[in-house]
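For reference, start-v8.txt is printed below; it contains compact mmCIF, C-alpha atoms and all ligand atoms.
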# COMPACT_ATOMS: atom_id res chain seq x y z
CA MET E 1 -29.79 -30.04 28.27
CA ARG E 2 -30.96 -26.52 28.99
CA ASP E 3 -31.44 -24.15 31.92
CA PHE E 4 -27.76 -23.88 32.78
CA ASN E 5 -26.75 -21.91 35.83
CA GLU E 6 -23.52 -20.49 37.22
CA LYS E 7 -22.45 -23.92 38.45
CA THR E 8 -23.62 -26.28 35.68
CA ILE E 9 -22.60 -24.34 32.56
CA THR E 10 -18.88 -25.24 32.76
CA ASP E 11 -19.41 -29.00 32.47
CA ALA E 12 -22.03 -28.47 29.76
CA VAL E 13 -19.56 -26.54 27.58
CA ILE E 14 -16.81 -29.14 28.13
CA GLN E 15 -19.24 -31.94 27.33
CA ARG E 16 -20.03 -30.23 24.02
CA PHE E 17 -16.51 -30.92 22.67
CA SER E 18 -16.03 -34.33 24.29
CA GLY E 19 -15.97 -35.84 20.79
CA ALA E 20 -13.18 -33.57 19.48
CA PRO E 21 -11.02 -35.77 17.19
CA ASN E 22 -7.74 -34.38 18.48
CA GLU E 23 -6.94 -35.24 22.13
CA ARG E 24 -4.61 -32.25 22.56
CA VAL E 25 -7.31 -29.86 21.28
CA LYS E 26 -9.81 -31.48 23.67
CA GLY E 27 -7.44 -31.22 26.65
CA VAL E 28 -6.43 -27.62 25.96
CA CYS E 29 -10.06 -26.50 25.45
CA ASP E 30 -11.13 -28.36 28.61
CA SER E 31 -8.52 -26.51 30.66
CA LEU E 32 -9.25 -23.18 28.95
CA VAL E 33 -12.99 -23.37 29.68
CA ARG E 34 -12.45 -24.50 33.27
CA HIS E 35 -9.98 -21.71 34.07
CA LEU E 36 -11.91 -19.06 32.12
CA HIS E 37 -15.19 -19.88 33.85
CA ASP E 38 -13.49 -19.99 37.27
CA PHE E 39 -11.94 -16.57 36.49
CA VAL E 40 -15.35 -15.12 35.56
CA ARG E 41 -16.98 -16.65 38.65
CA GLU E 42 -14.22 -15.13 40.79
CA VAL E 43 -14.18 -11.67 39.17
CA ARG E 44 -17.97 -11.43 38.70
CA PRO E 45 -17.76 -8.76 35.97
CA THR E 46 -20.53 -6.25 35.39
CA TYR E 47 -21.81 -5.97 31.80
CA GLU E 48 -19.80 -2.73 31.43
CA GLU E 49 -16.61 -4.50 32.54
CA TRP E 50 -17.25 -7.41 30.17
CA GLU E 51 -17.76 -4.94 27.28
CA PHE E 52 -14.54 -3.14 28.27
CA ALA E 53 -12.66 -6.46 28.12
CA ILE E 54 -14.08 -7.24 24.66
CA ASP E 55 -13.13 -3.74 23.47
CA PHE E 56 -9.61 -4.12 24.94
CA LEU E 57 -9.07 -7.35 22.98
CA THR E 58 -10.60 -5.81 19.85
CA ARG E 59 -8.21 -2.83 20.06
CA THR E 60 -5.31 -5.22 20.68
CA GLY E 61 -6.12 -7.04 17.45
CA LYS E 62 -6.74 -3.89 15.42
CA ILE E 63 -3.38 -2.29 16.23
CA CYS E 64 -1.48 -5.37 15.01
CA ASP E 65 0.15 -5.31 11.57
CA SER E 66 3.24 -6.77 9.94
CA SER E 67 5.56 -4.76 12.23
CA ARG E 68 3.41 -4.43 15.39
CA GLN E 69 2.27 -7.47 17.42
CA GLU E 70 0.29 -6.20 20.38
CA PHE E 71 -0.84 -9.71 21.45
CA ILE E 72 2.79 -10.77 21.90
CA LEU E 73 3.42 -7.56 23.84
CA LEU E 74 0.40 -8.40 26.01
CA SER E 75 1.79 -11.89 26.55
CA ASP E 76 5.21 -10.39 27.38
CA THR E 77 3.92 -7.84 29.87
CA LEU E 78 1.67 -10.38 31.62
CA GLY E 79 4.65 -12.71 32.05
CA VAL E 80 3.16 -15.38 29.76
CA SER E 81 6.02 -15.28 27.24
CA MET E 82 8.60 -15.92 29.96
CA LEU E 83 6.37 -18.63 31.48
CA VAL E 84 6.23 -20.43 28.12
CA ASP E 85 10.01 -19.95 27.88
CA ALA E 86 10.52 -21.38 31.39
CA ILE E 87 8.43 -24.45 30.49
CA ASN E 88 10.22 -25.09 27.20
CA ASN E 89 13.76 -24.05 28.16
CA PRO E 90 14.22 -24.97 31.81
CA THR E 91 17.47 -23.55 33.18
CA ASP E 92 19.74 -26.43 34.05
CA GLY E 93 22.88 -24.44 34.85
CA ARG E 94 24.86 -26.10 32.03
CA VAL E 95 23.59 -24.18 29.02
CA THR E 96 22.96 -20.46 28.55
CA SER E 97 19.45 -19.44 29.61
CA SER E 98 17.02 -18.11 27.06
CA THR E 99 14.79 -15.07 27.25
CA VAL E 100 12.16 -13.28 25.11
CA LEU E 101 12.81 -12.67 21.40
CA GLY E 102 10.99 -9.32 21.39
CA PRO E 103 9.49 -7.58 18.36
CA PHE E 104 12.66 -6.09 16.85
CA PHE E 105 14.37 -9.19 15.44
CA VAL E 106 14.87 -9.10 11.66
CA ASP E 107 15.54 -12.38 9.92
CA ASP E 108 17.68 -10.98 7.11
CA ALA E 109 20.11 -8.80 9.06
CA PRO E 110 23.30 -7.78 7.19
CA GLU E 111 26.22 -10.19 7.51
CA PHE E 112 29.57 -8.85 8.73
CA GLU E 113 33.13 -10.09 9.03
CA LEU E 114 34.32 -10.66 12.60
CA GLY E 115 35.64 -7.44 14.07
CA ALA E 116 33.31 -5.22 11.99
CA ASP E 117 31.52 -2.18 13.38
CA ILE E 118 27.72 -2.56 13.19
CA THR E 119 26.90 0.91 14.55
CA GLY E 120 25.69 2.22 11.17
CA ASN E 121 24.25 5.70 11.66
CA MET E 122 23.41 5.22 15.33
CA ARG E 123 25.15 7.41 17.89
CA GLY E 124 26.47 6.44 21.31
CA THR E 125 29.50 5.31 23.31
CA PRO E 126 31.58 2.76 21.36
CA ALA E 127 31.48 -0.75 22.76
CA TYR E 128 33.57 -3.79 21.92
CA VAL E 129 31.54 -6.99 22.27
CA SER E 130 33.25 -10.36 22.31
CA GLY E 131 32.69 -13.91 23.41
CA SER E 132 32.42 -17.49 22.30
CA VAL E 133 29.89 -20.16 21.43
CA SER E 134 30.39 -23.71 22.62
CA SER E 135 28.38 -26.89 22.96
CA GLN E 136 27.21 -28.19 26.34
CA ASP E 137 30.14 -30.66 26.37
CA GLY E 138 32.62 -27.77 26.00
CA THR E 139 33.37 -28.19 22.29
CA PRO E 140 33.83 -24.78 20.61
CA LEU E 141 31.25 -24.30 17.86
CA ALA E 142 32.98 -22.97 14.74
CA GLY E 143 30.72 -21.35 12.13
CA ALA E 144 27.81 -20.77 14.55
CA LEU E 145 25.49 -18.04 13.23
CA VAL E 146 25.33 -15.18 15.73
CA ASP E 147 22.61 -12.57 15.20
CA VAL E 148 22.84 -9.48 17.40
CA TRP E 149 20.55 -6.44 17.64
CA HIS E 150 20.12 -3.63 20.15
CA SER E 151 18.70 -0.17 20.75
CA ASP E 152 20.67 3.09 20.54
CA ASP E 153 21.53 5.75 23.06
CA ASP E 154 17.94 7.06 22.99
CA GLY E 155 16.39 3.60 23.41
CA PHE E 156 15.25 3.07 19.80
CA TYR E 157 15.97 0.17 17.44
CA ASP E 158 16.95 0.81 13.81
CA VAL E 159 13.59 -0.55 12.59
CA GLN E 160 11.85 2.21 14.58
CA GLN E 161 13.83 4.97 12.82
CA LEU E 162 14.76 3.56 9.41
CA GLU E 163 14.16 6.87 7.63
CA LYS E 164 16.50 8.74 9.99
CA LEU E 165 19.20 6.04 9.97
CA GLY E 166 18.89 5.09 6.32
CA GLY E 167 19.21 1.36 6.96
CA ALA E 168 20.23 -1.33 9.42
CA ALA E 169 22.17 -0.12 12.47
CA GLY E 170 23.03 -1.80 15.76
CA ARG E 171 22.23 -5.07 14.06
CA GLY E 172 24.25 -7.74 12.32
CA ARG E 173 25.00 -11.38 11.72
CA PHE E 174 28.38 -13.02 12.30
CA LYS E 175 29.89 -16.48 11.98
CA THR E 176 32.09 -17.66 14.83
CA ASP E 177 35.73 -18.44 13.93
CA LYS E 178 37.44 -21.84 14.14
CA ASP E 179 37.63 -21.55 17.95
CA GLY E 180 33.94 -20.60 18.29
CA LYS E 181 34.84 -16.97 19.02
CA PHE E 182 33.14 -13.76 17.87
CA TRP E 183 33.94 -10.06 18.31
CA PHE E 184 32.60 -6.81 16.92
CA TRP E 185 32.21 -3.10 17.58
CA THR E 186 28.96 -1.28 18.21
CA ILE E 187 27.57 1.27 20.67
CA LYS E 188 26.37 0.75 24.22
CA PRO E 189 22.55 0.46 24.28
CA THR E 190 20.39 2.09 26.93
CA PHE E 191 17.13 1.19 28.70
CA TYR E 192 13.94 1.83 26.73
CA PRO E 193 10.17 1.54 27.10
CA VAL E 194 8.04 -1.14 25.43
CA PRO E 195 5.50 0.53 23.10
CA THR E 196 2.89 2.35 25.24
CA ASP E 197 0.72 3.97 22.56
CA GLY E 198 -1.71 1.00 22.40
CA PRO E 199 -3.92 -1.06 24.70
CA VAL E 200 -0.90 -2.62 26.45
CA GLY E 201 0.27 0.89 27.38
CA ASP E 202 -3.23 1.57 28.79
CA MET E 203 -3.00 -1.66 30.79
CA LEU E 204 0.44 -0.82 32.22
CA HIS E 205 -0.84 2.62 33.20
CA ALA E 206 -3.97 1.14 34.84
CA GLN E 207 -1.80 -1.34 36.73
CA GLY E 208 0.48 1.45 37.97
CA ARG E 209 3.51 -0.07 36.17
CA HIS E 210 6.38 1.48 34.26
CA PRO E 211 7.11 0.31 30.69
CA TRP E 212 10.93 0.12 30.87
CA ARG E 213 13.24 -2.68 29.83
CA PRO E 214 16.80 -2.65 31.20
CA ALA E 215 19.56 -2.08 28.61
CA HIS E 216 20.46 -5.26 26.75
CA LEU E 217 22.04 -6.78 23.69
CA HIS E 218 19.83 -9.36 21.94
CA PHE E 219 21.40 -12.55 20.62
CA LEU E 220 19.94 -15.32 18.48
CA ILE E 221 22.47 -18.10 17.92
CA ARG E 222 22.14 -21.07 15.60
CA ALA E 223 24.48 -24.03 15.20
CA PRO E 224 23.85 -27.40 13.51
CA GLY E 225 22.76 -30.12 15.95
CA HIS E 226 21.91 -27.57 18.66
CA ARG E 227 18.77 -25.89 19.89
CA LYS E 228 18.35 -22.31 18.72
CA LEU E 229 19.38 -19.96 21.53
CA VAL E 230 17.40 -16.72 21.95
CA THR E 231 18.82 -14.61 24.72
CA HIS E 232 20.07 -11.21 25.94
CA ILE E 233 23.11 -9.83 27.75
CA PHE E 234 22.03 -7.24 30.31
CA ASP E 235 24.04 -4.29 31.64
CA ARG E 236 24.73 -4.80 35.36
CA ALA E 237 24.60 -1.03 35.96
CA ASP E 238 21.00 -0.70 34.75
CA LYS E 239 18.40 0.55 37.21
CA TYR E 240 15.56 -1.54 35.71
CA LEU E 241 17.12 -5.01 36.11
CA ASP E 242 14.69 -5.89 38.90
CA SER E 243 11.59 -4.42 37.29
CA ASP E 244 11.88 -5.37 33.60
CA ALA E 245 8.45 -4.72 32.01
CA VAL E 246 8.56 -8.17 30.36
CA PHE E 247 10.19 -10.20 33.20
CA GLY E 248 13.09 -11.26 30.96
CA VAL E 249 16.09 -10.77 33.27
CA LYS E 250 18.09 -13.76 34.50
CA GLU E 251 21.07 -13.23 36.78
CA GLU E 252 23.39 -15.38 34.67
CA LEU E 253 22.78 -13.06 31.69
CA VAL E 254 23.93 -9.92 33.53
CA ARG E 255 27.43 -8.64 32.69
CA ASP E 256 29.57 -5.54 33.34
CA TYR E 257 30.54 -3.00 30.73
CA VAL E 258 34.17 -2.13 31.51
CA GLU E 259 35.10 1.46 30.65
CA HIS E 260 38.44 2.13 28.90
CA PRO E 261 40.27 5.37 28.07
CA PRO E 262 41.46 6.00 24.48
CA GLY E 263 44.24 3.56 23.51
CA ILE E 264 44.80 0.14 22.02
CA ALA E 265 41.64 -2.02 22.10
CA PRO E 266 41.56 -5.83 22.60
CA ASP E 267 41.45 -6.40 18.83
CA GLY E 268 44.64 -4.34 18.43
CA SER E 269 42.89 -1.33 16.91
CA LYS E 270 43.80 2.18 18.07
CA ARG E 271 40.87 4.06 19.64
CA ASP E 272 40.91 7.85 19.82
CA THR E 273 37.91 8.01 22.17
CA ALA E 274 36.88 6.21 25.36
CA TYR E 275 35.08 2.89 24.81
CA SER E 276 33.68 0.02 26.85
CA THR E 277 33.99 -3.73 26.56
CA ILE E 278 31.58 -6.52 27.42
CA ALA E 279 31.99 -10.28 26.95
CA TYR E 280 29.86 -13.40 27.14
CA ASP E 281 30.57 -17.09 26.55
CA PHE E 282 27.40 -18.80 25.27
CA VAL E 283 26.79 -22.51 25.82
CA MET E 284 24.28 -24.22 23.53
CA ALA E 285 22.10 -27.25 24.26
CA LYS E 286 22.37 -30.24 21.97
CA GLN E 287 19.22 -31.04 20.02
CA GLY E 288 17.31 -33.60 22.07
C1 LIG E 301 12.75 -6.23 23.28
O1 LIG E 301 13.61 -6.51 24.08
O2 LIG E 301 13.11 -5.84 22.18
C2 LIG E 301 11.30 -6.34 23.67
C3 LIG E 301 10.87 -7.50 24.26
C4 LIG E 301 9.52 -7.63 24.60
C5 LIG E 301 8.64 -6.58 24.36
C6 LIG E 301 9.10 -5.40 23.78
C7 LIG E 301 10.46 -5.28 23.43
FE FE E 302 15.16 -5.29 23.22
Once more with this new file: its structure as structure tokens, please.
Ligand code: BEZ
Ligand code: FE
Amino acid sequence: MRDFNEKTITDAVIQRFSGAPNERVKGVCDSLVRHLHDFVREVRPTYEEWEFAIDFLTRTGKICDSSRQEFILLSDTLGVSMLVDAINNPTDGRVTSSTVLGPFFVDDAPEFELGADITGNMRGTPAYVSGSVSSQDGTPLAGALVDVWHSDDDGFYDVQQLEKLGGAAGRGRFKTDKDGKFWFWTIKPTFYPVPTDGPVGDMLHAQGRHPWRPAHLHFLIRAPGHRKLVTHIFDRADKYLDSDAVFGVKEELVRDYVEHPPGIAPDGSKRDTAYSTIAYDFVMAKQG
């Protein structure tokens, strides 16, 4: 066949891979071509606009390296990451909801004893974080691996300022105790912008959007026989809860920081300065 026009080219392209050996590949490509062609027919780009789009994707690829993933950031800021999350982790009200992993997770974070202070060389208001991990049937999960990481008072993660901090800070790995409980000291994180010095920043600017994420603590929790839980705890007082740049906020993940004057903390330690406390009880889904 030849002489394709605006209407006939879509079926011609789909026909071309009708013999694809893998049905999933065939189905995904079929849908991709249909939606992409419909998008182009709807938008009717000029040649200049099409070249701009190609350049945008080229710049997105070129800025990626082992510590910068602009395509994931693009997916995050267009709501695709949370859409994939919603499809794969539907909220059923029984288990803790998941949210985006983000680019600042490190798989070999330092391990700490329960009750340790993971602040490192970060500065900020001390915070006591505690909670528990249980299975969907209510059984406490002893020995669950709890990874936590968060930004500092200025909105930066340790991996963004390793030279200044001299190592991991605001990041650690714990094992829950025999009752599935965990507790540790750190500092209270603040809101921060997603990286805006690349094409995604240009896109947010062009769309008239701000780049801010509301303050949060990241958690990644693993326990045998259960689905890995990737989630956050958000600060109820944050002004960006309803306009998170990556659409990651879920009401059930929002908690209060309670302010305390100097005195005896919940773990029995004596605090000479004011501190805050926050708590969350995580419920994990059994592996299906
Ligand atoms: C984060 O929370 O660390 C994050 C998530 C998505 C994009 C950028 C940062
Ligand atoms: Fe984050």
>> Which residues are near E:Asp235? Cut-off 8 Å, all atoms listed in the file, ignore same chain within fewer than 4 positions. Put them as a list of chain:residue names.
In response: E:Pro214, E:Ala215, E:His216, E:Val254, E:Arg255, E:Asp256, E:Tyr257
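Proximity to E:Thr139 was assessed for E:Gly61, E:Gly180, E:Pro90, E:Pro211 counting only C-alpha atoms; the smallest distance is recorded for E:Gly180.
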>> To check your reading of the model: which residues sit at most 7 Å from ligand LIG 301 (chain E) when counting all atoms listed in the file? Write the answer as JSON, numbers by chain.
In response: {"E": [73, 76, 100, 101, 102, 103, 104, 194, 195, 213, 246]}
Written selection (C-alpha atoms) as a PDB file, in the coordinates of the input:
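Writing the result to again-v8.pdb gives the following:
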ATOM      1  CA  LEU E  73       3.420  -7.560  23.840  1.00  0.00           C
ATOM      2  CA  ASP E  76       5.210 -10.390  27.380  1.00  0.00           C
ATOM      3  CA  VAL E 100      12.160 -13.280  25.110  1.00  0.00           C
ATOM      4  CA  LEU E 101      12.810 -12.670  21.400  1.00  0.00           C
ATOM      5  CA  GLY E 102      10.990  -9.320  21.390  1.00  0.00           C
ATOM      6  CA  PRO E 103       9.490  -7.580  18.360  1.00  0.00           C
ATOM      7  CA  PHE E 104      12.660  -6.090  16.850  1.00  0.00           C
ATOM      8  CA  VAL E 194       8.040  -1.140  25.430  1.00  0.00           C
ATOM      9  CA  PRO E 195       5.500   0.530  23.100  1.00  0.00           C
ATOM     10  CA  ARG E 213      13.240  -2.680  29.830  1.00  0.00           C
ATOM     11  CA  VAL E 246       8.560  -8.170  30.360  1.00  0.00           C
TER      12      VAL E 246
END
> Distance atom CA of E:Tyr192-atom CA of E:Lys239, one decimal place?
Replying inline: 11.5 Å
>> Applying 10 Å and only C-alpha atoms, which residues near E:Ala265 remain after dropping the ones on its own chain fewer than 4 positions away? List them as a ChimeraX atom specification.
In response: /E:128,260-261,269-271,275-277
> What does the distance from atom CA of E:Gly166 to atom CA of E:Phe191 come to in Å, to one decimal?
Replying inline: 22.8 Å
> So, counting only C-alpha atoms, which residue among E:Ile187, E:Glu111, E:Phe105, E:Arg123 is closest to E:Arg68?
Replying inline: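 Checking each of E:Ile187, E:Glu111, E:Phe105, E:Arg123 against E:Arg68, counting only C-alpha atoms, the winner is E:Phe105.
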> What is the atom CA of E:Val148 to atom CA of E:Val106 distance in Å?
Replying inline: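 Computed distance, atom CA of E:Val148 to atom CA of E:Val106, equals 9.8 Å.
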For E:Ser31, list every protein, DNA or RNA residue within 12 Å, evaluated using all atoms listed in the file, and leave out those in the same chain fewer than 6 positions away; present the list as a PDB file with C-alpha atoms, keeping the file's coordinate frame.
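Here's the written file selection03.pdb:
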ATOM      1  CA  THR E  10     -18.880 -25.240  32.760  1.00  0.00           C
ATOM      2  CA  ASP E  11     -19.410 -29.000  32.470  1.00  0.00           C
ATOM      3  CA  VAL E  13     -19.560 -26.540  27.580  1.00  0.00           C
ATOM      4  CA  ILE E  14     -16.810 -29.140  28.130  1.00  0.00           C
ATOM      5  CA  ARG E  24      -4.610 -32.250  22.560  1.00  0.00           C
ATOM      6  CA  VAL E  25      -7.310 -29.860  21.280  1.00  0.00           C
ATOM      7  CA  HIS E  37     -15.190 -19.880  33.850  1.00  0.00           C
ATOM      8  CA  ASP E  38     -13.490 -19.990  37.270  1.00  0.00           C
TER       9      ASP E  38
END
Please write a file for stretch 129-143 of chain E, taken from the block I just shared, that holds N, CA and C atoms and is laid out as an mmCIF file, in the first residue's frame.
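Wrote it out as out32.cif, contents follow:
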data_model
loop_
_atom_site.group_PDB
_atom_site.id
_atom_site.type_symbol
_atom_site.label_atom_id
_atom_site.label_comp_id
_atom_site.auth_asym_id
_atom_site.auth_seq_id
_atom_site.Cartn_x
_atom_site.Cartn_y
_atom_site.Cartn_z
ATOM 1 N N VAL E 129 10.410 10.367 65.296
ATOM 2 C CA VAL E 129 9.494 9.671 64.382
ATOM 3 C C VAL E 129 9.283 8.256 64.911
ATOM 4 N N SER E 130 8.035 7.856 65.021
ATOM 5 C CA SER E 130 7.777 6.506 65.529
ATOM 6 C C SER E 130 6.571 5.909 64.809
ATOM 7 N N GLY E 131 6.404 4.612 65.002
ATOM 8 C CA GLY E 131 5.260 3.960 64.381
ATOM 9 C C GLY E 131 5.406 2.462 64.418
ATOM 10 N N SER E 132 4.618 1.798 63.589
ATOM 11 C CA SER E 132 4.658 0.340 63.574
ATOM 12 C C SER E 132 4.404 -0.155 62.158
ATOM 13 N N VAL E 133 4.749 -1.428 61.962
ATOM 14 C CA VAL E 133 4.492 -2.079 60.680
ATOM 15 C C VAL E 133 3.723 -3.353 60.983
ATOM 16 N N SER E 134 2.552 -3.484 60.361
ATOM 17 C CA SER E 134 1.783 -4.722 60.567
ATOM 18 C C SER E 134 1.266 -5.227 59.236
ATOM 19 N N SER E 135 0.812 -6.482 59.261
ATOM 20 C CA SER E 135 0.251 -7.099 58.063
ATOM 21 C C SER E 135 -1.227 -6.719 57.963
ATOM 22 N N GLN E 136 -1.810 -6.937 56.808
ATOM 23 C CA GLN E 136 -3.212 -6.534 56.601
ATOM 24 C C GLN E 136 -4.183 -7.236 57.551
ATOM 25 N N ASP E 137 -3.765 -8.393 58.134
ATOM 26 C CA ASP E 137 -4.643 -9.068 59.093
ATOM 27 C C ASP E 137 -4.385 -8.592 60.534
ATOM 28 N N GLY E 138 -3.511 -7.584 60.679
ATOM 29 C CA GLY E 138 -3.267 -7.016 62.009
ATOM 30 C C GLY E 138 -2.041 -7.561 62.708
ATOM 31 N N THR E 139 -1.422 -8.619 62.157
ATOM 32 C CA THR E 139 -0.238 -9.192 62.805
ATOM 33 C C THR E 139 0.934 -8.206 62.749
ATOM 34 N N PRO E 140 1.555 -7.891 63.893
ATOM 35 C CA PRO E 140 2.741 -7.025 63.857
ATOM 36 C C PRO E 140 3.862 -7.713 63.076
ATOM 37 N N LEU E 141 4.577 -6.950 62.262
ATOM 38 C CA LEU E 141 5.654 -7.538 61.470
ATOM 39 C C LEU E 141 7.005 -7.211 62.103
ATOM 40 N N ALA E 142 7.527 -8.186 62.860
ATOM 41 C CA ALA E 142 8.851 -8.025 63.484
ATOM 42 C C ALA E 142 9.920 -8.159 62.407
ATOM 43 N N GLY E 143 10.989 -7.379 62.525
ATOM 44 C CA GLY E 143 12.116 -7.511 61.593
ATOM 45 C C GLY E 143 11.856 -6.920 60.216
#
